[in-house]
Amino acid sequence: MLDLGAGGGVIAGALASVGARVRAVELDAAALRQLRSRLAGDPRVEVVAADATRVRLPEEPFAVVANLPFAAGTAILRRLLGDPRVPLTQLDAIVEWGLAAKRTAVWPSTLLGCTWGARYELRLVRRVPRGCFAPPPSVDAAVLRATRRQEPLVPPRQAAAYEALLRRAFGAQRPLDRILPRGAVHRAAHELGFDRHATARDLDARQWASLYRAIGSPR
């Protein structure tokens with residue numbers, strides 16, 4: 001189990017108390033002292049002094065339970081969810097409300113949400129009011145859950161091609177039938193239930209994966 005941005009060790013300690021083996025990653029010196037003081041001598045917890053955006057990730061399957069630093073939330077999620085080679089099985093992370101709401105929205109969809117959604121089921125689990133924190137931040141938070149799909153919507157070996165298609169479509173900001181093969185878009189629209197003149201943000205991850213297959217994945 002990985003706790004990124006472990007702070008004073010509240011989450012790491014709770015995980016260890018129920019028998020989990022935890023790697024607690026923290027960069028701030030004051031928080032590290034508190035973390036080590038709280039969990040000193042607990043053989044189930046490994047304290048790592050490192051930047052959560054750069055720390056080496058496990059090579060074997062792992063899960064993350066963490067209160068991610070708000071300023072680095074997207075960067076950390078990119079590392080965990082954006083690379084199909086990272087063997088993450090599940091993520092439960094406290095992040096800014098706006099970040100969780102944006103990446104899990106059915107509409108409008110986002111480039112990152114559709115990219116990550118090909119490999120993970122993304123869910124906004126609950127709101128965490130700012131008053132739950134000490135000191136309270138300026139915005140509310142949320143628990144974001146990402147569960148690895150048993151079968152990805154796009155084969156891992158085609159992840160780069162799929163993401164290139166998404167970047168092209170989201171970057172164009174025009175109807176899909178004006179930037180992709182019109183016939184394939186219109187057939188997919190009929191089969192998948194979206195407007196034939198839809199833009200990139202009108203399709204969810206499943207629809208995007210199906211459209212990718214329809215227009216010829218290698219190309």
# chains A, B, ... in the order shown; residues from 1 in each chain; ligands from 1
call {"tool": "residues_around", "arguments": {"residues": "Leu80 of chain A", "least_positions_apart": "4", "cutoff": "12 Å", "atoms": "only C-alpha atoms", "output": "ChimeraX atom specification"}}
result
/A:2,4,52-58,61-64,73-76,84-93,116,119-120,146-148
call {"tool": "write_last_selection", "arguments": {"atoms": "C-alpha atoms", "output": "mmCIF file, in the first residue's frame"}}
result
data_model
loop_
_atom_site.group_PDB
_atom_site.id
_atom_site.type_symbol
_atom_site.label_atom_id
_atom_site.label_comp_id
_atom_site.auth_asym_id
_atom_site.auth_seq_id
_atom_site.Cartn_x
_atom_site.Cartn_y
_atom_site.Cartn_z
ATOM 1 C CA LEU A 2 1.288 3.428 -0.941
ATOM 2 C CA LEU A 4 1.683 9.583 -1.121
ATOM 3 C CA ALA A 52 5.407 12.116 -4.403
ATOM 4 C CA THR A 53 5.558 13.299 -8.024
ATOM 5 C CA ARG A 54 8.953 11.656 -8.564
ATOM 6 C CA VAL A 55 9.240 8.725 -6.150
ATOM 7 C CA ARG A 56 9.902 5.344 -7.705
ATOM 8 C CA LEU A 57 6.695 3.356 -7.969
ATOM 9 C CA PRO A 58 6.473 -0.358 -7.119
ATOM 10 C CA PRO A 61 0.767 -4.637 -8.229
ATOM 11 C CA PHE A 62 -0.036 -2.043 -5.571
ATOM 12 C CA ALA A 63 -2.831 0.167 -4.245
ATOM 13 C CA VAL A 64 -2.812 3.796 -3.157
ATOM 14 C CA GLY A 73 -2.778 16.300 -7.298
ATOM 15 C CA THR A 74 -2.989 16.242 -11.087
ATOM 16 C CA ALA A 75 0.746 15.573 -11.503
ATOM 17 C CA ILE A 76 0.572 12.586 -9.146
ATOM 18 C CA PRO A 84 -0.354 1.617 -18.735
ATOM 19 C CA ARG A 85 2.845 0.013 -17.426
ATOM 20 C CA VAL A 86 2.218 1.177 -13.840
ATOM 21 C CA PRO A 87 0.691 -1.845 -12.036
ATOM 22 C CA LEU A 88 -1.760 0.167 -9.925
ATOM 23 C CA THR A 89 -4.797 -1.894 -8.924
ATOM 24 C CA GLN A 90 -6.841 0.708 -7.043
ATOM 25 C CA LEU A 91 -6.555 4.313 -5.938
ATOM 26 C CA ASP A 92 -8.524 5.994 -3.174
ATOM 27 C CA ALA A 93 -7.304 9.571 -2.929
ATOM 28 C CA TRP A 116 -7.492 7.216 -17.775
ATOM 29 C CA ARG A 119 -7.812 1.553 -18.050
ATOM 30 C CA TYR A 120 -9.685 2.516 -14.870
ATOM 31 C CA ALA A 146 -9.902 4.586 -9.647
ATOM 32 C CA THR A 147 -10.321 0.827 -10.007
ATOM 33 C CA ARG A 148 -8.343 -0.973 -12.682
#
call {"tool": "residues_around", "arguments": {"residues": "Ala188 of chain A", "least_positions_apart": "5", "cutoff": "12 Å", "atoms": "only C-alpha atoms", "output": "JSON, numbers by chain"}}
result
{"A": [176, 177, 180, 181, 182, 183, 193, 194, 195, 196, 197, 198, 203, 206, 207, 208, 209, 210, 211, 212, 213, 214, 215]}
call {"tool": "residues_around", "arguments": {"residues": "Met1 of chain A", "least_positions_apart": "5", "cutoff": "9 Å", "atoms": "only C-alpha atoms", "output": "list in words"}}
result
Ala12, Leu15, Ala20, Arg21, Val22, Arg23, Ala24, Phe62, Ala63, Val64 and Val65 of chain A
call {"tool": "atom_distance", "arguments": {"atom1": "atom CA of Leu112 of chain A", "atom2": "atom CA of Gly216 of chain A"}}
result
21.7 Å
call {"tool": "select_by_dssp", "arguments": {"residues": "segment 12-216 of chain A", "states": "strand (DSSP E)", "output": "ChimeraX atom specification"}}
result
/A:22-26,45-49,62-67,88-96,120-128,141-148
call {"tool": "residues_around", "arguments": {"residues": "Gln34 of chain A", "least_positions_apart": "4", "cutoff": "7 Å", "atoms": "only C-alpha atoms", "output": "list of chain:residue names"}}
result
A:Gly8, A:Ala30, A:Arg38
call {"tool": "write_last_selection", "arguments": {"atoms": "C-alpha atoms", "output": "CSV table (one decimal), in the first residue's frame"}}
result
chain,number,residue,atom,x,y,z
A,8,GLY,CA,2.0,13.3,9.8
A,30,ALA,CA,8.4,18.9,9.6
A,38,ARG,CA,4.1,8.6,15.2
call {"tool": "residues_around", "arguments": {"residues": "Gly171 of chain A", "least_positions_apart": "5", "cutoff": "12 Å", "atoms": "only C-alpha atoms", "output": "PDB file with N, CA and C atoms, in the first residue's frame"}}
result
ATOM      1  N   THR A 110     -13.293  14.911 -20.490  1.00  0.00           N
ATOM      2  CA  THR A 110     -12.004  15.580 -20.639  1.00  0.00           C
ATOM      3  C   THR A 110     -11.004  14.623 -21.265  1.00  0.00           C
ATOM      4  N   LEU A 111      -9.940  15.192 -21.793  1.00  0.00           N
ATOM      5  CA  LEU A 111      -8.873  14.379 -22.375  1.00  0.00           C
ATOM      6  C   LEU A 111      -8.309  13.400 -21.357  1.00  0.00           C
ATOM      7  N   GLU A 163      -4.316   7.622 -27.313  1.00  0.00           N
ATOM      8  CA  GLU A 163      -4.134   8.935 -26.696  1.00  0.00           C
ATOM      9  C   GLU A 163      -3.820  10.000 -27.746  1.00  0.00           C
ATOM     10  N   ALA A 164      -3.116   9.623 -28.805  1.00  0.00           N
ATOM     11  CA  ALA A 164      -2.856  10.580 -29.887  1.00  0.00           C
ATOM     12  C   ALA A 164      -4.160  10.989 -30.556  1.00  0.00           C
ATOM     13  N   LEU A 165      -5.071  10.041 -30.748  1.00  0.00           N
ATOM     14  CA  LEU A 165      -6.377  10.357 -31.325  1.00  0.00           C
ATOM     15  C   LEU A 165      -7.147  11.311 -30.414  1.00  0.00           C
ATOM     16  N   LEU A 166      -7.129  11.041 -29.106  1.00  0.00           N
ATOM     17  CA  LEU A 166      -7.826  11.912 -28.170  1.00  0.00           C
ATOM     18  C   LEU A 166      -7.243  13.325 -28.191  1.00  0.00           C
ATOM     19  N   LEU A 176     -16.536  16.164 -34.493  1.00  0.00           N
ATOM     20  CA  LEU A 176     -15.670  15.027 -34.826  1.00  0.00           C
ATOM     21  C   LEU A 176     -15.761  14.655 -36.296  1.00  0.00           C
ATOM     22  N   ILE A 179     -13.061  16.272 -38.431  1.00  0.00           N
ATOM     23  CA  ILE A 179     -11.630  15.992 -38.244  1.00  0.00           C
ATOM     24  C   ILE A 179     -11.302  14.503 -38.327  1.00  0.00           C
ATOM     25  N   THR A 199     -18.849  16.892 -30.479  1.00  0.00           N
ATOM     26  CA  THR A 199     -17.441  17.251 -30.294  1.00  0.00           C
ATOM     27  C   THR A 199     -16.801  16.241 -29.350  1.00  0.00           C
ATOM     28  N   ALA A 200     -15.505  16.362 -29.151  1.00  0.00           N
ATOM     29  CA  ALA A 200     -14.762  15.384 -28.351  1.00  0.00           C
ATOM     30  C   ALA A 200     -15.330  15.236 -26.953  1.00  0.00           C
ATOM     31  N   ARG A 201     -15.729  16.326 -26.335  1.00  0.00           N
ATOM     32  CA  ARG A 201     -16.160  16.273 -24.940  1.00  0.00           C
ATOM     33  C   ARG A 201     -17.544  15.659 -24.771  1.00  0.00           C
TER      34      ARG A 201
END
call {"tool": "atom_distance", "arguments": {"atom1": "atom CA of Val45 of chain A", "atom2": "atom CA of Val18 of chain A"}}
result
12.0 Å
call {"tool": "decode", "arguments": {"residues": "segment 192-207 of chain A", "atoms": "N, CA and C atoms", "output": "mmCIF file, in the first residue's frame"}}
result
data_model
loop_
_atom_site.group_PDB
_atom_site.id
_atom_site.type_symbol
_atom_site.label_atom_id
_atom_site.label_comp_id
_atom_site.auth_asym_id
_atom_site.auth_seq_id
_atom_site.Cartn_x
_atom_site.Cartn_y
_atom_site.Cartn_z
ATOM 1 N N LEU A 192 -23.735 4.018 -31.001
ATOM 2 C CA LEU A 192 -23.361 4.276 -29.615
ATOM 3 C C LEU A 192 -24.220 5.333 -28.943
ATOM 4 N N GLY A 193 -25.077 5.996 -29.715
ATOM 5 C CA GLY A 193 -26.022 6.919 -29.113
ATOM 6 C C GLY A 193 -25.482 8.300 -28.805
ATOM 7 N N PHE A 194 -24.647 8.842 -29.701
ATOM 8 C CA PHE A 194 -24.264 10.238 -29.539
ATOM 9 C C PHE A 194 -24.594 11.001 -30.817
ATOM 10 N N ASP A 195 -24.614 12.316 -30.728
ATOM 11 C CA ASP A 195 -24.970 13.161 -31.863
ATOM 12 C C ASP A 195 -23.937 13.006 -32.977
ATOM 13 N N ARG A 196 -24.373 12.911 -34.211
ATOM 14 C CA ARG A 196 -23.444 12.707 -35.331
ATOM 15 C C ARG A 196 -22.514 13.894 -35.536
ATOM 16 N N HIS A 197 -22.882 15.056 -34.956
ATOM 17 C CA HIS A 197 -22.024 16.238 -35.045
ATOM 18 C C HIS A 197 -21.398 16.569 -33.681
ATOM 19 N N ALA A 198 -21.240 15.545 -32.850
ATOM 20 C CA ALA A 198 -20.700 15.733 -31.506
ATOM 21 C C ALA A 198 -19.253 16.224 -31.550
ATOM 22 N N THR A 199 -18.849 16.892 -30.479
ATOM 23 C CA THR A 199 -17.441 17.251 -30.294
ATOM 24 C C THR A 199 -16.801 16.241 -29.350
ATOM 25 N N ALA A 200 -15.505 16.362 -29.151
ATOM 26 C CA ALA A 200 -14.762 15.384 -28.351
ATOM 27 C C ALA A 200 -15.330 15.236 -26.953
ATOM 28 N N ARG A 201 -15.729 16.326 -26.335
ATOM 29 C CA ARG A 201 -16.160 16.273 -24.940
ATOM 30 C C ARG A 201 -17.544 15.659 -24.771
ATOM 31 N N ASP A 202 -18.244 15.382 -25.889
ATOM 32 C CA ASP A 202 -19.576 14.785 -25.798
ATOM 33 C C ASP A 202 -19.537 13.269 -25.661
ATOM 34 N N LEU A 203 -18.374 12.646 -25.822
ATOM 35 C CA LEU A 203 -18.246 11.193 -25.739
ATOM 36 C C LEU A 203 -17.575 10.813 -24.429
ATOM 37 N N ASP A 204 -18.031 9.729 -23.816
ATOM 38 C CA ASP A 204 -17.366 9.224 -22.619
ATOM 39 C C ASP A 204 -16.280 8.230 -23.018
ATOM 40 N N ALA A 205 -15.599 7.661 -22.030
ATOM 41 C CA ALA A 205 -14.452 6.793 -22.313
ATOM 42 C C ALA A 205 -14.851 5.564 -23.125
ATOM 43 N N ARG A 206 -15.991 4.962 -22.818
ATOM 44 C CA ARG A 206 -16.425 3.776 -23.566
ATOM 45 C C ARG A 206 -16.744 4.129 -25.011
ATOM 46 N N GLN A 207 -17.405 5.238 -25.215
ATOM 47 C CA GLN A 207 -17.716 5.650 -26.582
ATOM 48 C C GLN A 207 -16.446 5.975 -27.351
#
